[in-house]
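Have a look at target_37.pdb; it's PDB, C-alpha atoms, pLDDT in the B column:
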ATOM      1  CA  MET A   1      76.956  94.533 116.152  1.00 69.00           C
ATOM      2  CA  LYS A   2      75.713  98.024 115.213  1.00 80.00           C
ATOM      3  CA  THR A   3      75.657  99.034 118.880  1.00 87.00           C
ATOM      4  CA  ASN A   4      79.245  97.829 119.307  1.00 89.00           C
ATOM      5  CA  VAL A   5      80.364  99.712 116.206  1.00 91.00           C
ATOM      6  CA  LYS A   6      78.793 102.906 117.511  1.00 92.00           C
ATOM      7  CA  MET A   7      80.422 102.402 120.916  1.00 92.00           C
ATOM      8  CA  PHE A   8      83.763 101.706 119.195  1.00 93.00           C
ATOM      9  CA  TYR A   9      83.676 104.962 117.233  1.00 91.00           C
ATOM     10  CA  ASN A  10      82.585 106.908 120.317  1.00 91.00           C
ATOM     11  CA  LEU A  11      85.571 105.524 122.234  1.00 91.00           C
ATOM     12  CA  ILE A  12      88.197 106.042 119.539  1.00 93.00           C
ATOM     13  CA  THR A  13      87.175 109.650 118.888  1.00 90.00           C
ATOM     14  CA  LYS A  14      88.560 110.420 122.350  1.00 90.00           C
ATOM     15  CA  LEU A  15      91.995 108.990 121.505  1.00 91.00           C
ATOM     16  CA  ASP A  16      95.076 110.726 120.143  1.00 93.00           C
ATOM     17  CA  ALA A  17      95.513 110.475 116.359  1.00 93.00           C
ATOM     18  CA  HIS A  18      97.991 107.574 116.452  1.00 94.00           C
ATOM     19  CA  SER A  19      95.789 105.446 118.710  1.00 94.00           C
ATOM     20  CA  TYR A  20      92.739 106.354 116.650  1.00 94.00           C
ATOM     21  CA  LEU A  21      94.509 105.289 113.445  1.00 94.00           C
ATOM     22  CA  LYS A  22      95.650 101.984 114.963  1.00 95.00           C
ATOM     23  CA  ASN A  23      92.142 101.044 116.099  1.00 96.00           C
ATOM     24  CA  TYR A  24      90.531 102.359 112.897  1.00 95.00           C
ATOM     25  CA  LEU A  25      92.873 100.347 110.663  1.00 96.00           C
ATOM     26  CA  ILE A  26      92.634  97.142 112.679  1.00 97.00           C
ATOM     27  CA  TYR A  27      88.840  97.271 112.638  1.00 97.00           C
ATOM     28  CA  HIS A  28      88.601  97.923 108.887  1.00 96.00           C
ATOM     29  CA  LEU A  29      91.287  95.339 108.131  1.00 97.00           C
ATOM     30  CA  SER A  30      89.735  92.626 110.300  1.00 97.00           C
ATOM     31  CA  PRO A  31      88.672  90.312 107.415  1.00 97.00           C
ATOM     32  CA  VAL A  32      92.194  90.580 105.976  1.00 98.00           C
ATOM     33  CA  ILE A  33      93.821  90.043 109.376  1.00 97.00           C
ATOM     34  CA  LYS A  34      91.617  86.980 109.975  1.00 97.00           C
ATOM     35  CA  GLY A  35      92.552  85.554 106.562  1.00 96.00           C
ATOM     36  CA  VAL A  36      89.107  85.617 104.949  1.00 97.00           C
ATOM     37  CA  LYS A  37      89.734  88.494 102.518  1.00 97.00           C
ATOM     38  CA  PRO A  38      92.912  89.296 100.558  1.00 98.00           C
ATOM     39  CA  ALA A  39      92.664  93.075 100.715  1.00 98.00           C
ATOM     40  CA  ILE A  40      90.650  96.226 101.274  1.00 98.00           C
ATOM     41  CA  THR A  41      90.631  99.716  99.877  1.00 97.00           C
ATOM     42  CA  LEU A  42      90.582 102.522 102.410  1.00 96.00           C
ATOM     43  CA  SER A  43      90.164 106.257 102.013  1.00 94.00           C
ATOM     44  CA  ILE A  44      91.863 108.609 104.448  1.00 94.00           C
ATOM     45  CA  SER A  45      90.879 112.261 104.513  1.00 91.00           C
ATOM     46  CA  LYS A  46      93.667 114.822 104.426  1.00 89.00           C
ATOM     47  CA  LYS A  47      91.601 117.265 106.483  1.00 81.00           C
ATOM     48  CA  LYS A  48      91.953 115.301 109.693  1.00 75.00           C
ATOM     49  CA  GLU A  49      94.807 114.404 112.007  1.00 86.00           C
ATOM     50  CA  LEU A  50      94.283 110.850 110.784  1.00 88.00           C
ATOM     51  CA  TYR A  51      96.235 111.643 107.604  1.00 94.00           C
ATOM     52  CA  ASN A  52      99.255 112.956 109.530  1.00 94.00           C
ATOM     53  CA  ALA A  53      99.112 109.894 111.776  1.00 95.00           C
ATOM     54  CA  TRP A  54      99.034 107.712 108.654  1.00 96.00           C
ATOM     55  CA  LEU A  55     102.158 109.431 107.306  1.00 95.00           C
ATOM     56  CA  GLU A  56     103.929 109.007 110.641  1.00 95.00           C
ATOM     57  CA  ILE A  57     103.063 105.434 111.606  1.00 96.00           C
ATOM     58  CA  GLY A  58     100.874 103.849 108.909  1.00 96.00           C
ATOM     59  CA  GLU A  59     103.481 101.805 107.090  1.00 96.00           C
ATOM     60  CA  GLN A  60     105.039 100.584 110.345  1.00 96.00           C
ATOM     61  CA  LEU A  61     101.625  99.636 111.723  1.00 96.00           C
ATOM     62  CA  LEU A  62     100.767  97.621 108.614  1.00 97.00           C
ATOM     63  CA  ALA A  63     104.170  95.917 108.686  1.00 97.00           C
ATOM     64  CA  SER A  64     103.480  94.863 112.296  1.00 96.00           C
ATOM     65  CA  LEU A  65     100.327  93.150 110.969  1.00 96.00           C
ATOM     66  CA  ASP A  66     102.349  91.550 108.130  1.00 97.00           C
ATOM     67  CA  LEU A  67     100.388  93.573 105.569  1.00 98.00           C
ATOM     68  CA  LYS A  68     101.477  95.811 102.711  1.00 97.00           C
ATOM     69  CA  PHE A  69      99.890  98.731 100.926  1.00 97.00           C
ATOM     70  CA  THR A  70     100.040 100.784  97.792  1.00 97.00           C
ATOM     71  CA  LEU A  71      98.652 104.213  97.057  1.00 96.00           C
ATOM     72  CA  LEU A  72      95.896 103.960  94.467  1.00 95.00           C
ATOM     73  CA  ARG A  73      95.081 107.650  94.286  1.00 93.00           C
ATOM     74  CA  GLU A  74      96.019 110.893  95.934  1.00 93.00           C
ATOM     75  CA  ALA A  75      93.777 113.932  95.663  1.00 91.00           C
ATOM     76  CA  SER A  76      93.883 117.275  97.409  1.00 91.00           C
ATOM     77  CA  THR A  77      91.366 116.072  99.992  1.00 93.00           C
ATOM     78  CA  SER A  78      92.168 112.366 100.501  1.00 94.00           C
ATOM     79  CA  ILE A  79      94.192 109.321  99.623  1.00 95.00           C
ATOM     80  CA  ILE A  80      92.917 105.904  98.611  1.00 96.00           C
ATOM     81  CA  LEU A  81      94.998 102.964  99.777  1.00 97.00           C
ATOM     82  CA  TYR A  82      94.984  99.343  98.695  1.00 97.00           C
ATOM     83  CA  ILE A  83      96.028  97.300 101.750  1.00 98.00           C
ATOM     84  CA  TYR A  84      96.712  93.606 101.246  1.00 98.00           C
ATOM     85  CA  ASP A  85      98.074  90.323 102.524  1.00 98.00           C
ATOM     86  CA  THR A  86     100.673  89.153 100.003  1.00 97.00           C
ATOM     87  CA  ASN A  87     100.013  85.430 100.448  1.00 97.00           C
ATOM     88  CA  GLN A  88      96.243  85.691 100.143  1.00 97.00           C
ATOM     89  CA  LEU A  89      96.531  87.997  97.133  1.00 97.00           C
ATOM     90  CA  SER A  90      99.006  85.642  95.455  1.00 97.00           C
ATOM     91  CA  GLU A  91      96.486  82.798  95.788  1.00 96.00           C
ATOM     92  CA  VAL A  92      93.808  84.968  94.163  1.00 96.00           C
ATOM     93  CA  ILE A  93      95.828  86.161  91.167  1.00 96.00           C
ATOM     94  CA  HIS A  94      97.295  82.714  90.544  1.00 95.00           C
ATOM     95  CA  ASN A  95      93.893  81.040  90.432  1.00 95.00           C
ATOM     96  CA  GLU A  96      93.711  79.756  86.850  1.00 95.00           C
ATOM     97  CA  GLU A  97      90.424  81.464  85.930  1.00 96.00           C
ATOM     98  CA  VAL A  98      91.435  84.752  87.569  1.00 96.00           C
ATOM     99  CA  ALA A  99      94.836  84.685  85.834  1.00 96.00           C
ATOM    100  CA  ILE A 100      93.139  84.247  82.431  1.00 95.00           C
ATOM    101  CA  PHE A 101      90.714  87.072  83.222  1.00 95.00           C
ATOM    102  CA  LEU A 102      93.549  89.388  84.271  1.00 95.00           C
ATOM    103  CA  GLN A 103      95.431  88.626  81.039  1.00 95.00           C
ATOM    104  CA  MET A 104      92.286  89.483  79.058  1.00 93.00           C
ATOM    105  CA  VAL A 105      92.200  92.952  80.629  1.00 93.00           C
ATOM    106  CA  GLY A 106      95.917  93.597  80.092  1.00 92.00           C
ATOM    107  CA  TYR A 107      97.927  91.964  82.875  1.00 94.00           C
ATOM    108  CA  LYS A 108     101.062  89.934  82.133  1.00 92.00           C
ATOM    109  CA  GLN A 109     100.880  86.155  81.966  1.00 89.00           C
ATOM    110  CA  ASN A 110     102.306  84.568  85.134  1.00 88.00           C
ATOM    111  CA  THR A 111     102.379  87.944  86.842  1.00 89.00           C
ATOM    112  CA  ASN A 112     103.621  88.162  90.403  1.00 94.00           C
ATOM    113  CA  VAL A 113     101.955  90.174  93.177  1.00 96.00           C
ATOM    114  CA  ASN A 114     104.165  93.254  92.754  1.00 95.00           C
ATOM    115  CA  GLU A 115     103.691  93.346  88.974  1.00 96.00           C
ATOM    116  CA  ALA A 116      99.946  92.847  89.343  1.00 96.00           C
ATOM    117  CA  ILE A 117      99.675  95.684  91.858  1.00 97.00           C
ATOM    118  CA  ASP A 118     101.763  97.990  89.657  1.00 96.00           C
ATOM    119  CA  MET A 119      99.380  97.276  86.771  1.00 95.00           C
ATOM    120  CA  LEU A 120      96.365  97.791  89.031  1.00 96.00           C
ATOM    121  CA  VAL A 121      97.711 101.224  90.012  1.00 96.00           C
ATOM    122  CA  GLU A 122      98.217 102.136  86.327  1.00 94.00           C
ATOM    123  CA  ARG A 123      94.726 100.999  85.424  1.00 94.00           C
ATOM    124  CA  TYR A 124      93.255 102.745  88.476  1.00 93.00           C
ATOM    125  CA  ALA A 125      94.731 106.006  87.160  1.00 91.00           C
ATOM    126  CA  LEU A 126      93.383 105.344  83.655  1.00 90.00           C
ATOM    127  CA  TYR A 127      89.909 104.050  84.476  1.00 87.00           C
ATOM    128  CA  ASN A 128      89.170 105.671  87.851  1.00 84.00           C
ATOM    129  CA  CYS A 129      88.238 102.319  89.399  1.00 86.00           C
ATOM    130  CA  PRO A 130      88.860  99.365  87.057  1.00 90.00           C
ATOM    131  CA  HIS A 131      86.459  96.466  87.347  1.00 91.00           C
ATOM    132  CA  GLU A 132      89.194  93.944  88.080  1.00 94.00           C
ATOM    133  CA  LEU A 133      89.708  95.651  91.426  1.00 95.00           C
ATOM    134  CA  GLY A 134      86.887  93.344  92.540  1.00 95.00           C
ATOM    135  CA  VAL A 135      89.025  90.225  92.183  1.00 97.00           C
ATOM    136  CA  PHE A 136      91.877  91.980  94.001  1.00 97.00           C
ATOM    137  CA  LEU A 137      89.406  92.458  96.882  1.00 97.00           C
ATOM    138  CA  GLY A 138      88.332  88.814  96.887  1.00 96.00           C
ATOM    139  CA  ILE A 139      85.007  89.163  95.086  1.00 96.00           C
ATOM    140  CA  PRO A 140      84.172  85.985  93.123  1.00 96.00           C
ATOM    141  CA  LEU A 141      85.240  86.268  89.489  1.00 96.00           C
ATOM    142  CA  LYS A 142      81.786  85.444  88.066  1.00 95.00           C
ATOM    143  CA  ASP A 143      80.239  88.365  89.951  1.00 93.00           C
ATOM    144  CA  VAL A 144      83.030  90.721  88.853  1.00 94.00           C
ATOM    145  CA  VAL A 145      82.536  89.707  85.210  1.00 93.00           C
ATOM    146  CA  ASP A 146      78.744  90.076  85.363  1.00 91.00           C
ATOM    147  CA  PHE A 147      79.063  93.513  86.996  1.00 90.00           C
ATOM    148  CA  MET A 148      81.712  94.503  84.445  1.00 87.00           C
ATOM    149  CA  HIS A 149      79.551  93.615  81.462  1.00 84.00           C
ATOM    150  CA  CYS A 150      76.489  95.389  82.889  1.00 76.00           C
ATOM    151  CA  SER A 151      74.483  92.411  81.777  1.00 69.00           C
ATOM    152  CA  ASP A 152      70.737  92.127  82.021  1.00 79.00           C
ATOM    153  CA  LYS A 153      71.316  89.508  84.669  1.00 83.00           C
ATOM    154  CA  PRO A 154      69.623  90.730  87.852  1.00 87.00           C
ATOM    155  CA  CYS A 155      71.561  91.329  91.033  1.00 87.00           C
ATOM    156  CA  ILE A 156      70.118  88.733  93.406  1.00 93.00           C
ATOM    157  CA  LEU A 157      71.781  89.909  96.607  1.00 92.00           C
ATOM    158  CA  CYS A 158      73.574  93.054  97.736  1.00 92.00           C
ATOM    159  CA  GLY A 159      75.998  92.995 100.613  1.00 93.00           C
ATOM    160  CA  TYR A 160      79.743  93.460 100.509  1.00 94.00           C
ATOM    161  CA  TRP A 161      79.330  93.338  96.713  1.00 94.00           C
ATOM    162  CA  GLN A 162      76.570  92.841  94.163  1.00 92.00           C
ATOM    163  CA  VAL A 163      75.908  89.132  93.829  1.00 94.00           C
ATOM    164  CA  TYR A 164      74.785  87.780  90.452  1.00 93.00           C
ATOM    165  CA  ASN A 165      75.586  84.108  90.869  1.00 93.00           C
ATOM    166  CA  ASP A 166      76.104  81.827  93.844  1.00 93.00           C
ATOM    167  CA  VAL A 167      74.009  83.301  96.667  1.00 95.00           C
ATOM    168  CA  ASP A 168      74.897  80.560  99.141  1.00 96.00           C
ATOM    169  CA  GLU A 169      78.624  81.134  98.573  1.00 96.00           C
ATOM    170  CA  ALA A 170      78.169  84.905  98.938  1.00 95.00           C
ATOM    171  CA  ILE A 171      76.150  84.541 102.146  1.00 96.00           C
ATOM    172  CA  ALA A 172      78.858  82.273 103.582  1.00 96.00           C
ATOM    173  CA  ILE A 173      81.578  84.812 102.666  1.00 96.00           C
ATOM    174  CA  PHE A 174      79.550  87.722 104.069  1.00 96.00           C
ATOM    175  CA  ALA A 175      79.170  85.757 107.308  1.00 96.00           C
ATOM    176  CA  GLN A 176      82.950  85.191 107.455  1.00 97.00           C
ATOM    177  CA  TYR A 177      83.560  88.924 106.970  1.00 97.00           C
ATOM    178  CA  ASP A 178      80.993  89.793 109.649  1.00 95.00           C
ATOM    179  CA  LYS A 179      82.462  87.272 112.084  1.00 97.00           C
ATOM    180  CA  ALA A 180      85.997  88.584 111.529  1.00 96.00           C
ATOM    181  CA  LYS A 181      84.837  92.163 112.067  1.00 96.00           C
ATOM    182  CA  ASN A 182      82.804  91.250 115.151  1.00 95.00           C
ATOM    183  CA  ASP A 183      85.612  89.177 116.714  1.00 96.00           C
ATOM    184  CA  ILE A 184      88.176  91.931 116.286  1.00 96.00           C
ATOM    185  CA  LEU A 185      85.667  94.611 117.310  1.00 95.00           C
ATOM    186  CA  CYS A 186      85.035  92.772 120.590  1.00 94.00           C
ATOM    187  CA  ASP A 187      88.791  92.541 121.233  1.00 93.00           C
ATOM    188  CA  LEU A 188      89.285  96.233 120.450  1.00 94.00           C
ATOM    189  CA  LEU A 189      86.362  97.259 122.669  1.00 93.00           C
ATOM    190  CA  GLN A 190      87.733  95.206 125.556  1.00 92.00           C
ATOM    191  CA  GLU A 191      91.128  96.944 125.229  1.00 91.00           C
ATOM    192  CA  LEU A 192      89.547 100.381 124.852  1.00 90.00           C
ATOM    193  CA  LYS A 193      87.317  99.933 127.903  1.00 86.00           C
ATOM    194  CA  ALA A 194      90.274  98.705 129.963  1.00 86.00           C
ATOM    195  CA  THR A 195      92.303 101.827 129.148  1.00 84.00           C
ATOM    196  CA  SER A 196      89.550 104.433 129.392  1.00 68.00           C
TER     197      SER A 196
END
Output the structure of this file as structure tokens.
Amino acid sequence: MKTNVKMFYNLITKLDAHSYLKNYLIYHLSPVIKGVKPAITLSISKKKELYNAWLEIGEQLLASLDLKFTLLREASTSIILYIYDTNQLSEVIHNEEVAIFLQMVGYKQNTNVNEAIDMLVERYALYNCPHELGVFLGIPLKDVVDFMHCSDKPCILCGYWQVYNDVDEAIAIFAQYDKAKNDILCDLLQELKATS
């Protein structure tokens, strides 16, 4: 897969900014697009044409993928976006254990997706990167809680997140993320090669 990723970036660097952004977003969003992850965070530098392309077509592009976004932070050099699938995120925040956890850190009881995201943005501004962001990204609650409490519990696997609990579950999720990325990467490469 590493060879394909390198080839992908080599090919998209030759594209105009709008085409680059489209391919860049689709690749990074692949686990969300494939339905195995509720959301991602993505940083876009303001120093590149990518930022202007984002301003021009980003929202429309995400809407075409049936995804939404919110701005988590804007700095002089970059923006950080939270890009999500509403249905998948709703399932996460309405999971009974997750809902209780979110209430414990200040979220409303029976919150809806929009209210939860508004609160996440507020807490992101207050705490730089609040720990509950992990559950908004689909990380298992037990691992988020163990990371949050900086317990003496050892991290037993590092991948898309630090795993403290169910290694088999984490490995299965990592494999789903990798498969989604690889499947979409192959599709993107096929299109890019056909047009170059």
Quick one: which range 84-187 of chain A residues come within 12 Å of range 3-24 of chain A, and what is the nearest atom pair for each with the distance in Å to one decimal, counting all atoms listed in the file, rows ordered by chain and ascending number, as a Markdown table?
| residue | atom | partner | partner_atom | distance |
| --- | --- | --- | --- | --- |
| A:Asp178 | CA | A:Val5 | CA | 11.9 |
| A:Lys181 | CA | A:Val5 | CA | 9.7 |
| A:Asn182 | CA | A:Asn4 | CA | 8.6 |
| A:Asp183 | CA | A:Asn4 | CA | 11.1 |
| A:Ile184 | CA | A:Asn23 | CA | 9.9 |
| A:Leu185 | CA | A:Val5 | CA | 7.4 |
| A:Cys186 | CA | A:Asn4 | CA | 7.8 |
| A:Asp187 | CA | A:Asn23 | CA | 10.5 |
Q. Got a sec: who's within 10 Å of range 32-38 of chain A, counting only C-alpha atoms, leaving out chain neighbours fewer than 5 positions off, as a PyMOL selection string?
A. chain A and resi 26-27+65-67+83-92+135-139+173-174+176-177+179-181+183-184
Padding 5 Å on each side, edges along x, y and z: where is the centre of the box around the listed atoms of range 11-30 of chain A, and how long are its edges in Å to one decimal? Output it as JSON.
{"center_x": 91.8, "center_y": 101.7, "center_z": 115.2, "size_x": 22.4, "size_y": 28.1, "size_z": 24.2}
**Q.** Hits from the PyMOL selection byres ((chain A and resi 114) around 12), listed as a list in words
**A.** Lys68, Phe69, Thr70, Tyr84, Asp85, Thr86, Asn87, Leu89, Ser90, Ile93, Tyr107, Lys108, Asn110, Thr111, Asn112, Val113, Glu115, Ala116, Ile117, Asp118, Met119, Leu120 and Val121 of chain A
Q | Residues matched by the PyMOL selection byres ((chain A and resi 143-160) around 10) as a ChimeraX atom specification | A | /A:101,130-135,138-142,161-167,170-171,173-174,177-178
Q. So what does the PyMOL selection byres ((chain A and resi 45-48) around 7) actually pick up in this one, as a PyMOL selection string?
A. chain A and resi 43-44+49-51+77-79
Q: Figure out the distance between CA of Met104 in chain A and CA of Arg123 in chain A, please, to one decimal in Å.
A: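 Between CA of Arg123 in chain A and CA of Met104 in chain A the gap is 13.4 Å.
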Q: Quote the spacing between CA of Ala53 in chain A and CA of Thr41 in chain A in Å to one decimal place.
A: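 Interatomic distance here is 17.8 Å.
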